$ cat my_file-v8.txt   # compact mmCIF, C-alpha atoms
# COMPACT_ATOMS: atom_id res chain seq x y z
CA MET A 1 -48.67 235.30 -117.15
CA LEU A 2 -50.33 232.36 -115.46
CA CYS A 3 -53.86 231.67 -116.72
CA LEU A 4 -55.98 229.91 -114.12
CA PRO A 5 -58.97 227.78 -115.08
CA ASN A 6 -62.43 228.61 -113.83
CA GLN A 7 -62.98 227.29 -110.30
CA SER A 8 -66.00 225.21 -111.25
CA SER A 9 -68.34 224.53 -114.13
CA GLU A 10 -71.56 226.42 -114.74
CA ARG A 11 -73.37 223.13 -114.25
CA MET A 12 -71.98 222.75 -110.71
CA GLY A 13 -72.81 226.37 -110.04
CA ARG A 14 -76.49 225.50 -110.49
CA VAL A 15 -76.30 222.86 -107.76
CA GLN A 16 -77.48 224.00 -104.35
CA ALA A 17 -74.97 223.94 -101.51
CA PRO A 18 -75.45 220.84 -99.31
CA ILE A 19 -77.66 222.14 -96.53
CA ILE A 20 -76.52 219.76 -93.77
CA PRO A 21 -72.91 221.10 -93.77
CA VAL A 22 -74.23 224.68 -93.87
CA VAL A 23 -76.39 224.12 -90.79
CA ALA A 24 -73.58 222.13 -89.15
CA GLU A 25 -71.29 225.14 -89.51
CA TRP A 26 -73.89 227.41 -87.87
CA ILE A 27 -74.11 224.87 -85.04
CA ARG A 28 -70.31 224.79 -84.69
CA GLN A 29 -70.27 228.57 -84.36
CA ASN A 30 -72.92 228.39 -81.62
CA PRO A 31 -71.76 225.80 -79.06
CA GLY A 32 -74.46 224.15 -77.00
CA THR A 33 -77.00 224.06 -79.85
CA ILE A 34 -79.38 221.10 -79.77
CA SER A 35 -79.69 219.74 -83.30
CA LEU A 36 -83.08 218.71 -84.63
CA GLY A 37 -81.45 218.76 -88.04
CA GLN A 38 -79.59 215.79 -89.47
CA GLY A 39 -81.59 212.63 -90.19
CA VAL A 40 -79.81 209.86 -88.30
CA VAL A 41 -80.93 207.44 -85.58
CA PHE A 42 -79.80 207.46 -81.97
CA TYR A 43 -78.74 203.80 -81.96
CA GLY A 44 -75.81 201.98 -83.53
CA PRO A 45 -75.59 198.71 -85.46
CA PRO A 46 -76.94 195.42 -84.06
CA PRO A 47 -74.45 193.12 -82.28
CA GLU A 48 -74.67 190.54 -85.08
CA ILE A 49 -72.32 192.66 -87.18
CA GLN A 50 -69.38 191.23 -85.21
CA ILE A 51 -70.00 187.85 -86.85
CA GLY A 52 -69.63 189.43 -90.28
CA ILE A 53 -66.56 191.42 -89.28
CA ASP A 54 -64.88 188.28 -87.96
CA GLN A 55 -65.64 186.51 -91.24
CA PHE A 56 -64.18 189.42 -93.15
CA PHE A 57 -60.86 189.33 -91.27
CA ALA A 58 -60.63 185.54 -91.44
CA ASP A 59 -59.69 185.66 -95.12
CA ALA A 60 -56.96 187.98 -96.44
CA GLN A 61 -58.61 187.87 -99.88
CA ASN A 62 -61.40 190.04 -98.48
CA HIS A 63 -59.05 193.02 -98.50
CA LYS A 64 -59.14 192.96 -102.29
CA TYR A 65 -61.85 194.27 -104.62
CA LYS A 66 -64.98 192.14 -104.82
CA ALA A 67 -67.71 191.90 -107.45
CA VAL A 68 -69.07 195.29 -108.46
CA TYR A 69 -72.65 194.20 -107.70
CA GLY A 70 -72.00 192.74 -104.21
CA ILE A 71 -70.73 189.74 -102.25
CA PRO A 72 -72.73 186.49 -102.53
CA GLN A 73 -73.78 186.21 -98.88
CA LEU A 74 -75.21 189.74 -98.83
CA LEU A 75 -77.01 189.25 -102.14
CA ALA A 76 -78.60 186.06 -100.77
CA ALA A 77 -79.67 187.80 -97.55
CA ILE A 78 -81.15 190.69 -99.53
CA ALA A 79 -83.13 188.31 -101.76
CA THR A 80 -84.66 186.65 -98.69
CA LYS A 81 -85.46 190.00 -97.10
CA LEU A 82 -87.03 191.45 -100.26
CA GLU A 83 -89.36 188.49 -100.66
CA SER A 84 -90.46 188.37 -97.01
CA GLU A 85 -90.58 192.09 -96.18
CA ASN A 86 -91.30 193.82 -99.51
CA LEU A 87 -92.98 191.04 -101.48
CA ILE A 88 -90.43 191.62 -104.23
CA ARG A 89 -89.24 188.46 -105.96
CA LEU A 90 -85.93 188.50 -107.78
CA GLY A 91 -85.18 186.62 -110.97
CA THR A 92 -88.37 187.76 -112.69
CA GLY A 93 -86.60 190.32 -114.86
CA ASN A 94 -84.89 192.16 -112.02
CA ARG A 95 -81.78 191.88 -109.86
CA VAL A 96 -79.84 193.56 -107.03
CA VAL A 97 -76.77 195.77 -107.06
CA VAL A 98 -75.18 196.56 -103.69
CA THR A 99 -74.14 200.22 -103.44
CA ALA A 100 -72.50 202.63 -101.03
CA GLY A 101 -75.85 203.83 -99.70
CA SER A 102 -79.06 204.70 -101.52
CA ASN A 103 -77.76 208.10 -102.67
CA LEU A 104 -75.26 206.33 -104.90
CA ALA A 105 -78.00 203.96 -106.03
CA PHE A 106 -80.04 206.98 -107.15
CA SER A 107 -77.09 208.43 -109.07
CA ASN A 108 -76.42 205.04 -110.66
CA THR A 109 -79.98 204.99 -111.93
CA ILE A 110 -79.95 208.52 -113.32
CA PHE A 111 -76.68 207.83 -115.14
CA ALA A 112 -78.16 204.63 -116.57
CA ILE A 113 -81.46 206.01 -117.89
CA THR A 114 -80.90 209.64 -118.91
CA GLU A 115 -79.08 211.91 -121.32
CA PRO A 116 -78.23 215.55 -120.57
CA GLY A 117 -81.35 217.64 -121.13
CA ASP A 118 -83.76 214.87 -120.14
CA GLU A 119 -86.30 215.40 -117.35
CA VAL A 120 -87.09 213.56 -114.12
CA ILE A 121 -90.18 214.33 -112.04
CA LEU A 122 -89.72 214.99 -108.32
CA GLN A 123 -92.46 215.51 -105.76
CA THR A 124 -92.12 218.69 -103.70
CA PRO A 125 -90.99 218.81 -101.06
CA TYR A 126 -88.20 216.69 -102.53
CA TYR A 127 -85.15 215.03 -100.97
CA PHE A 128 -82.43 217.56 -101.69
CA ASN A 129 -79.72 215.08 -102.71
CA HIS A 130 -81.99 213.79 -105.49
CA GLU A 131 -82.38 217.27 -106.96
CA MET A 132 -78.65 217.91 -106.58
CA ALA A 133 -77.73 214.69 -108.41
CA LEU A 134 -80.02 215.59 -111.32
CA GLN A 135 -78.47 219.04 -111.64
CA MET A 136 -74.96 217.59 -111.56
CA LEU A 137 -75.78 215.26 -114.44
CA GLY A 138 -77.43 217.93 -116.57
CA VAL A 139 -80.91 216.46 -116.09
CA ARG A 140 -83.79 218.87 -115.49
CA PRO A 141 -85.78 218.31 -112.28
CA VAL A 142 -89.48 218.83 -112.94
CA LEU A 143 -91.13 219.72 -109.65
CA VAL A 144 -94.70 218.62 -108.94
CA PRO A 145 -96.37 219.78 -105.70
CA THR A 146 -97.91 217.34 -103.26
CA ASP A 147 -101.23 217.98 -101.52
CA ASP A 148 -101.74 219.59 -98.11
CA ARG A 149 -100.86 216.26 -96.43
CA TYR A 150 -97.70 215.93 -98.52
CA GLN A 151 -99.24 213.07 -100.52
CA PRO A 152 -98.33 212.85 -104.23
CA ARG A 153 -100.79 214.09 -106.86
CA PRO A 154 -100.95 211.60 -109.78
CA ASP A 155 -103.16 214.02 -111.71
CA LEU A 156 -100.51 216.75 -111.58
CA ILE A 157 -97.74 214.27 -112.29
CA ARG A 158 -99.50 213.20 -115.49
CA LYS A 159 -99.75 216.83 -116.63
CA ALA A 160 -96.02 217.37 -116.00
CA ILE A 161 -94.89 214.57 -118.34
CA THR A 162 -93.23 215.66 -121.58
CA PRO A 163 -91.39 213.82 -124.38
CA ARG A 164 -88.16 214.38 -122.39
CA THR A 165 -89.45 212.74 -119.20
CA ARG A 166 -87.52 209.61 -118.25
CA ALA A 167 -88.56 208.84 -114.68
CA ILE A 168 -90.86 209.67 -111.79
CA VAL A 169 -89.37 209.63 -108.29
CA THR A 170 -91.26 208.81 -105.11
CA VAL A 171 -89.84 208.75 -101.56
CA SER A 172 -91.94 206.86 -99.03
CA PRO A 173 -91.83 207.05 -96.08
CA ASN A 174 -90.90 210.55 -97.00
CA ASN A 175 -87.90 212.70 -96.31
CA PRO A 176 -88.52 215.54 -95.46
CA SER A 177 -92.22 215.37 -94.54
CA GLY A 178 -92.59 212.04 -92.74
CA ALA A 179 -95.61 211.22 -94.91
CA VAL A 180 -96.21 207.57 -95.79
CA TYR A 181 -97.51 207.60 -99.35
CA GLU A 182 -100.85 205.88 -99.75
CA GLU A 183 -100.69 202.58 -101.62
CA HIS A 184 -103.31 203.54 -104.21
CA ARG A 185 -101.30 206.63 -105.18
CA LEU A 186 -98.08 204.65 -105.56
CA ARG A 187 -99.92 202.07 -107.65
CA GLU A 188 -101.35 204.79 -109.89
CA ILE A 189 -97.91 206.34 -110.41
CA ASN A 190 -96.40 202.94 -111.12
CA THR A 191 -99.11 202.09 -113.64
CA LEU A 192 -98.57 205.44 -115.33
CA CYS A 193 -94.85 204.70 -115.68
CA GLY A 194 -95.54 201.27 -117.16
CA ALA A 195 -98.02 202.67 -119.66
CA LEU A 196 -95.75 205.48 -120.85
CA GLY A 197 -92.39 203.70 -120.83
CA LEU A 198 -91.01 205.62 -117.85
CA VAL A 199 -88.99 204.40 -114.89
CA HIS A 200 -90.51 204.55 -111.42
CA ILE A 201 -87.68 205.25 -108.96
CA SER A 202 -88.97 204.30 -105.52
CA ASP A 203 -86.73 205.45 -102.66
CA GLU A 204 -87.53 203.29 -99.63
CA ALA A 205 -84.69 204.13 -97.24
CA TYR A 206 -87.18 204.61 -94.38
CA GLU A 207 -89.28 201.54 -95.13
CA LEU A 208 -89.32 200.25 -91.52
CA PHE A 209 -90.10 203.59 -89.90
CA THR A 210 -93.90 203.74 -89.79
CA PHE A 211 -96.25 204.63 -86.93
CA ASP A 212 -99.92 204.67 -86.00
CA GLY A 213 -100.74 201.55 -87.95
CA ARG A 214 -99.49 202.87 -91.29
CA LYS A 215 -97.96 200.29 -93.64
CA HIS A 216 -95.15 200.73 -96.10
CA PHE A 217 -95.80 199.62 -99.68
CA SER A 218 -93.13 198.71 -102.25
CA PRO A 219 -94.20 199.45 -105.84
CA GLY A 220 -91.68 196.85 -107.00
CA SER A 221 -94.02 194.17 -105.62
CA ILE A 222 -96.64 194.93 -108.29
CA PRO A 223 -96.69 192.02 -110.77
CA GLY A 224 -95.08 193.04 -114.06
CA SER A 225 -93.55 196.22 -112.66
CA GLU A 226 -90.06 194.72 -112.35
CA HIS A 227 -89.30 195.78 -115.94
CA TYR A 228 -89.60 199.51 -115.21
CA THR A 229 -89.32 199.91 -111.41
CA VAL A 230 -86.11 200.75 -109.55
CA SER A 231 -86.29 200.33 -105.77
CA LEU A 232 -83.67 201.95 -103.53
CA PHE A 233 -82.86 200.70 -100.02
CA SER A 234 -80.39 201.63 -97.29
CA PHE A 235 -78.82 200.15 -94.16
CA SER A 236 -77.98 203.62 -92.84
CA LYS A 237 -81.23 204.21 -90.95
CA ALA A 238 -82.76 200.90 -89.91
CA CYS A 239 -79.44 199.30 -88.93
CA GLY A 240 -77.74 202.41 -87.56
CA PHE A 241 -75.14 202.05 -90.34
CA ALA A 242 -74.89 205.69 -91.43
CA SER A 243 -71.09 205.82 -91.66
CA TRP A 244 -70.70 202.29 -93.02
CA ARG A 245 -71.98 203.35 -96.47
CA VAL A 246 -73.89 200.36 -97.74
CA GLY A 247 -77.28 200.07 -99.44
CA TYR A 248 -78.74 198.40 -102.50
CA GLN A 249 -80.97 198.85 -105.50
CA VAL A 250 -83.37 196.51 -107.26
CA ILE A 251 -83.17 197.19 -110.99
CA PRO A 252 -84.58 195.76 -114.22
CA ASP A 253 -82.23 193.33 -115.92
CA HIS A 254 -81.87 195.61 -118.92
CA LEU A 255 -80.28 198.32 -116.74
CA PHE A 256 -77.71 195.98 -115.18
CA GLU A 257 -74.87 196.52 -117.67
CA ALA A 258 -75.21 200.31 -117.62
CA THR A 259 -75.41 200.33 -113.81
CA LEU A 260 -72.24 198.26 -113.52
CA LYS A 261 -70.41 200.70 -115.81
CA VAL A 262 -71.39 203.58 -113.55
CA GLN A 263 -70.61 201.86 -110.28
CA ASP A 264 -67.30 200.43 -111.46
CA THR A 265 -66.23 203.92 -112.50
CA GLN A 266 -67.45 205.73 -109.40
CA LEU A 267 -66.84 203.16 -106.68
CA ILE A 268 -65.73 199.74 -108.00
CA CYS A 269 -67.61 198.03 -105.16
CA ALA A 270 -69.29 198.97 -101.91
CA PRO A 271 -66.95 198.74 -98.86
CA VAL A 272 -66.44 195.01 -98.44
CA ILE A 273 -66.20 195.00 -94.66
CA SER A 274 -69.51 196.87 -94.56
CA GLN A 275 -71.05 194.25 -96.84
CA PHE A 276 -69.96 191.44 -94.50
CA ALA A 277 -71.41 193.35 -91.54
CA ALA A 278 -74.66 194.02 -93.43
CA ALA A 279 -75.01 190.36 -94.43
CA ALA A 280 -74.74 189.33 -90.77
CA ALA A 281 -77.16 192.03 -89.59
CA LEU A 282 -79.86 191.77 -92.26
CA PRO A 283 -81.70 188.61 -91.05
CA THR A 284 -82.61 190.32 -87.75
CA SER A 285 -82.53 193.96 -88.89
CA ALA A 286 -86.30 194.42 -89.13
CA ASP A 287 -86.88 193.26 -85.56
CA TYR A 288 -83.88 195.29 -84.41
CA CYS A 289 -85.22 198.47 -86.00
CA ARG A 290 -88.77 197.91 -84.78
CA SER A 291 -87.50 197.50 -81.22
CA HIS A 292 -86.56 201.20 -81.34
CA LEU A 293 -89.73 202.53 -82.96
CA GLU A 294 -91.54 203.15 -79.68
CA SER A 295 -88.74 205.47 -78.54
CA LEU A 296 -88.95 207.33 -81.83
CA ARG A 297 -92.73 207.59 -81.61
CA ARG A 298 -92.41 209.10 -78.12
CA ASN A 299 -89.92 211.63 -79.45
CA ARG A 300 -92.36 212.58 -82.21
CA ASP A 301 -95.24 212.96 -79.78
CA ILE A 302 -93.17 215.17 -77.45
CA LEU A 303 -92.58 217.55 -80.33
CA LEU A 304 -96.16 217.44 -81.57
CA ASP A 305 -97.55 218.20 -78.10
CA ARG A 306 -95.27 221.20 -77.62
CA LEU A 307 -95.84 222.59 -81.10
CA GLN A 308 -99.57 222.83 -80.37
CA GLU A 309 -98.72 225.78 -78.13
CA LEU A 310 -98.07 227.83 -81.26
CA GLY A 311 -101.64 227.47 -82.48
CA ASP A 312 -102.28 228.35 -86.10
CA ARG A 313 -98.85 229.96 -86.45
CA CYS A 314 -97.45 226.45 -86.94
CA LEU A 315 -99.23 223.73 -88.91
CA VAL A 316 -97.90 220.16 -88.85
CA PRO A 317 -99.48 217.80 -91.41
CA ALA A 318 -99.67 214.14 -90.40
CA SER A 319 -96.26 212.54 -90.01
CA ASP A 320 -96.59 208.79 -89.65
CA GLY A 321 -93.29 207.67 -91.12
CA ALA A 322 -89.51 208.24 -91.15
CA PHE A 323 -88.50 210.52 -88.24
CA TYR A 324 -89.34 213.98 -89.51
CA LEU A 325 -91.91 216.72 -89.05
CA LEU A 326 -92.24 219.38 -91.75
CA LEU A 327 -93.61 222.51 -90.13
CA LYS A 328 -95.62 225.07 -92.10
CA LEU A 329 -95.04 228.43 -90.42
CA LYS A 330 -97.11 231.57 -90.71
CA THR A 331 -94.43 234.19 -91.36
CA SER A 332 -92.97 236.23 -94.18
CA MET A 333 -89.47 235.37 -93.00
CA GLU A 334 -87.49 233.12 -95.34
CA SER A 335 -86.84 229.65 -93.98
CA MET A 336 -83.05 230.01 -94.27
CA GLU A 337 -83.08 233.11 -92.11
CA LEU A 338 -85.47 231.55 -89.60
CA SER A 339 -83.25 228.49 -89.31
CA ARG A 340 -80.17 230.65 -88.75
CA ARG A 341 -81.84 232.78 -86.10
CA LEU A 342 -83.13 229.74 -84.21
CA ILE A 343 -79.54 228.53 -83.93
CA VAL A 344 -77.96 231.89 -83.10
CA GLU A 345 -80.64 233.20 -80.75
CA HIS A 346 -82.19 230.03 -79.29
CA LYS A 347 -79.56 227.30 -79.69
CA VAL A 348 -81.78 224.86 -81.59
CA ALA A 349 -81.30 223.69 -85.17
CA ALA A 350 -83.80 222.68 -87.87
CA ILE A 351 -83.40 222.42 -91.65
CA PRO A 352 -84.91 225.21 -93.81
CA GLY A 353 -87.63 224.18 -96.24
CA VAL A 354 -85.96 225.96 -99.16
CA ALA A 355 -83.49 223.04 -99.30
CA PHE A 356 -86.41 220.77 -100.22
CA GLY A 357 -87.67 222.93 -103.07
CA ILE A 358 -90.17 225.05 -101.13
CA ASP A 359 -89.55 228.80 -101.30
CA SER A 360 -93.13 230.05 -101.63
CA SER A 361 -93.72 229.66 -97.89
CA CYS A 362 -91.68 229.13 -94.75
CA LEU A 363 -91.14 225.49 -93.81
CA LEU A 364 -88.75 223.81 -91.37
CA ARG A 365 -87.82 220.14 -91.21
CA VAL A 366 -87.47 218.88 -87.67
CA ALA A 367 -85.71 215.53 -87.18
CA TYR A 368 -86.28 213.57 -83.97
CA GLY A 369 -84.39 210.33 -84.63
CA ALA A 370 -80.95 211.17 -83.26
CA LEU A 371 -81.80 212.20 -79.68
CA ASP A 372 -82.95 210.59 -76.46
CA ALA A 373 -86.22 211.70 -74.87
CA SER A 374 -84.66 214.24 -72.48
CA SER A 375 -82.73 215.91 -75.31
CA VAL A 376 -85.87 216.00 -77.48
CA GLU A 377 -87.76 217.66 -74.62
CA ALA A 378 -85.05 220.29 -74.25
CA GLY A 379 -84.92 220.79 -78.02
CA ALA A 380 -88.72 221.09 -78.22
CA ASP A 381 -88.68 223.70 -75.49
CA ARG A 382 -86.09 225.78 -77.31
CA LEU A 383 -87.83 225.35 -80.65
CA VAL A 384 -91.26 226.38 -79.40
CA THR A 385 -89.86 229.26 -77.36
CA GLY A 386 -87.84 230.46 -80.33
CA LEU A 387 -90.70 230.21 -82.80
CA ALA A 388 -93.05 231.98 -80.39
CA ARG A 389 -90.67 234.91 -80.29
CA LEU A 390 -89.73 234.97 -83.97
CA LEU A 391 -93.17 234.42 -85.53
CA PRO A 392 -95.60 237.37 -85.62

$ encode --input "my_file-v8.txt" --output "structure tokens"
Amino acid sequence: MLCLPNQSSERMGRVQAPIIPVVAEWIRQNPGTISLGQGVVFYGPPPEIQIGIDQFFADAQNHKYKAVYGIPQLLAAIATKLESENLIRLGTGNRVVVTAGSNLAFSNTIFAITEPGDEVILQTPYYFNHEMALQMLGVRPVLVPTDDRYQPRPDLIRKAITPRTRAIVTVSPNNPSGAVYEEHRLREINTLCGALGLVHISDEAYELFTFDGRKHFSPGSIPGSEHYTVSLFSFSKACGFASWRVGYQVIPDHLFEATLKVQDTQLICAPVISQFAAAAALPTSADYCRSHLESLRRNRDILLDRLQELGDRCLVPASDGAFYLLLKLKTSMESMELSRRLIVEHKVAAIPGVAFGIDSSCLLRVAYGALDASSVEAGADRLVTGLARLLP
């Protein structure tokens, strides 16, 4: 008799199903749905990438593996960018590792600093892939609520720390809320990490996406913090590089060897052609991204104006970063069911708040980065009409 192994481990059974594919399948089953779901931008890479691609193909050696931590020209471009844009200086006890996007950079870090059974503090609402990575590695996510503006609460974070805590994670500008974390809060969290021997993991994938005069702040720029701060960055959003899979992390020197072990095992090196393209694009990437911010701001404002029609049935805390709104809805319906019904009955998609660790109330994440203004207007109309009919 054939004895079959279990289909998956108990550990993987505790990991939530990736919500984007779930919603994508609902969309596929309902043709014509306008998606306000997945967090991507409407534009592609800057034209400068062709220079890097030509350089890649000019040398047959580029089809072979390259250094685990990145190619020299990209590392040099990143160092210049970090100093000018983020005020982070390398060579002061820190260094860069190029990764296949910032999700891999996060996993690299968790592998490098934790043992199974350790704890990492996440702010709720959290970025779902962070929570999933922790569960996969046997690390316990400790969830700390943010305030009514989705700003982190250092006082509650301090109370959540235990002897098993290894890191505190912040995501600013924030996915899923669009909140830009206030500098004084990030400084307080960073100081707390330094004082208690914890790692501050600062996810800054949306660093260039800020509106209404808000400024992004990199905790890694704080003098002395380079020994315990890990900063995560991505080309996927700002450069329109989502499918190219390239990002980078700034890590303390003492985590370099462990990080290389992880990356060499999981990936070997980030896609080399993508690294050449990124190196060519990076010097002008900030200006390139900022040239599209006005279109994104208009998309946001279209949605905000229409959502006002729902009155107090729909509350939208300030969203001055990334390209998300996180709606607080007055209903007893679960967010998963509301999301499904919006797609089936009204042909508009949003991501349920339960995916971000919120199940005590009904929240929906609305993304406005992937569509042009006319599509956002049509999506807003369907969303508001659908919510007006589905909410009491």

$ closest_residue --input "my_file-v8.txt" --among "A:Ser295, A:Gln249, A:Gln308, A:Gln29" --to "Asn108 in chain A" --atoms "only C-alpha atoms"
A:Gln249

$ closest_residue --input "my_file-v8.txt" --among "A:Pro72, A:Pro116, A:Pro317, A:Pro154" --to "Val139 in chain A" --atoms "all atoms listed in the file"
A:Pro116

$ residues_around --input "my_file-v8.txt" --residues "Ser274 in chain A" --least-positions-apart "6" --cutoff "12 Å" --atoms "only C-alpha atoms" --output "PyMOL selection string"
chain A and resi 45+49-57+62-63+70-71+74+98-101+235-236+239+241-247+280-282

$ atom_distance --input "my_file-v8.txt" --atom1 "CA of Ser221 in chain A" --atom2 "CA of Leu90 in chain A"
10.1 Å

$ residues_around --input "my_file-v8.txt" --residues "Ile201 in chain A" --least-positions-apart "5" --cutoff "9 Å" --atoms "only C-alpha atoms" --output "list of chain:residue names"
A:Phe106, A:Thr109, A:Ala167, A:Ile168, A:Val169, A:Thr170, A:Val171, A:Tyr228, A:Thr229, A:Val230, A:Ser231, A:Leu232

$ atom_distance --input "my_file-v8.txt" --atom1 "CA of Tyr43 in chain A" --atom2 "CA of Leu296 in chain A"
10.8 Å

$ closest_residue --input "my_file-v8.txt" --among "A:Ala160, A:Val97, A:Leu186, A:Leu307" --to "Leu75 in chain A" --atoms "all atoms listed in the file"
A:Val97

$ residues_around --input "my_file-v8.txt" --residues "Met136 in chain A" --least-positions-apart "2" --cutoff "7 Å" --atoms "all atoms listed in the file" --output "ChimeraX atom specification"
/A:11-12,15,132-134,138

$ atom_distance --input "my_file-v8.txt" --atom1 "CA of Ile34 in chain A" --atom2 "CA of Lys347 in chain A"
6.2 Å

$ residues_near_point --input "my_file-v8.txt" --point "(-85.8, 212.3, -88.8)" --cutoff "9 Å" --atoms "only C-alpha atoms" --output "ChimeraX atom specification"
/A:36-41,175-176,178,322-325,365-370

$ residues_around --input "my_file-v8.txt" --residues "Ser84 in chain A" --least-positions-apart "5" --cutoff "12 Å" --atoms "all atoms listed in the file" --output "list in words"
Ala77, Ile78, Ala79, Arg89, Leu90, Ser218, Ser221, Pro283 and Ala286 of chain A

$ axis_aligned_box --input "my_file-v8.txt" --around "range 51-54 of chain A" --padding-each-side "5 Å" --output "JSON"
{"center_x": -67.4, "center_y": 189.6, "center_z": -88.6, "size_x": 15.1, "size_y": 13.6, "size_z": 13.4}

$ residues_around --input "my_file-v8.txt" --residues "range 209-217 of chain A" --least-positions-apart "5" --cutoff "8 Å" --atoms "only C-alpha atoms" --output "list in words"
Asn86, Ser172, Pro173, Val180, Tyr181, Glu183, Ala238, Arg290, Leu293, Arg297, Asp320, Gly321, Ala322 and Phe323 of chain A

$ closest_residue --input "my_file-v8.txt" --among "A:Arg164, A:Lys66, A:Arg187, A:Lys81" --to "Thr284 in chain A" --atoms "all atoms listed in the file"
A:Lys81

$ closest_residue --input "my_file-v8.txt" --among "A:Glu377, A:Glu207, A:Glu337, A:Glu345" --to "Leu363 in chain A" --atoms "all atoms listed in the file"
A:Glu337

$ closest_residue --input "my_file-v8.txt" --among "A:Asp381, A:Asp372, A:Glu48, A:Glu83" --to "Ala279 in chain A" --atoms "only C-alpha atoms"
A:Glu48

$ decode --input "my_file-v8.txt" --residues "range 42-61 of chain A" --atoms "C-alpha atoms" --output "short mmCIF file (atom, residue, chain, number, x, y, z; two decimals), in the first residue's frame"
data_model
loop_
_atom_site.label_atom_id
_atom_site.label_comp_id
_atom_site.auth_asym_id
_atom_site.auth_seq_id
_atom_site.Cartn_x
_atom_site.Cartn_y
_atom_site.Cartn_z
CA PHE A 42 0.53 52.72 -14.22
CA TYR A 43 3.87 53.56 -15.84
CA GLY A 44 6.79 51.41 -16.96
CA PRO A 45 10.55 51.80 -16.52
CA PRO A 46 12.41 54.97 -17.58
CA PRO A 47 14.06 54.95 -21.04
CA GLU A 48 17.54 54.95 -19.50
CA ILE A 49 17.22 51.23 -18.84
CA GLN A 50 18.12 50.57 -22.48
CA ILE A 51 21.66 51.78 -21.78
CA GLY A 52 22.02 49.17 -19.04
CA ILE A 53 20.48 46.42 -21.16
CA ASP A 54 22.90 47.18 -24.00
CA GLN A 55 25.80 47.00 -21.56
CA PHE A 56 24.54 43.68 -20.27
CA PHE A 57 24.41 42.10 -23.74
CA ALA A 58 27.78 43.54 -24.75
CA ASP A 59 29.63 41.03 -22.56
CA ALA A 60 28.84 37.30 -22.66
CA GLN A 61 30.23 36.98 -19.12
#
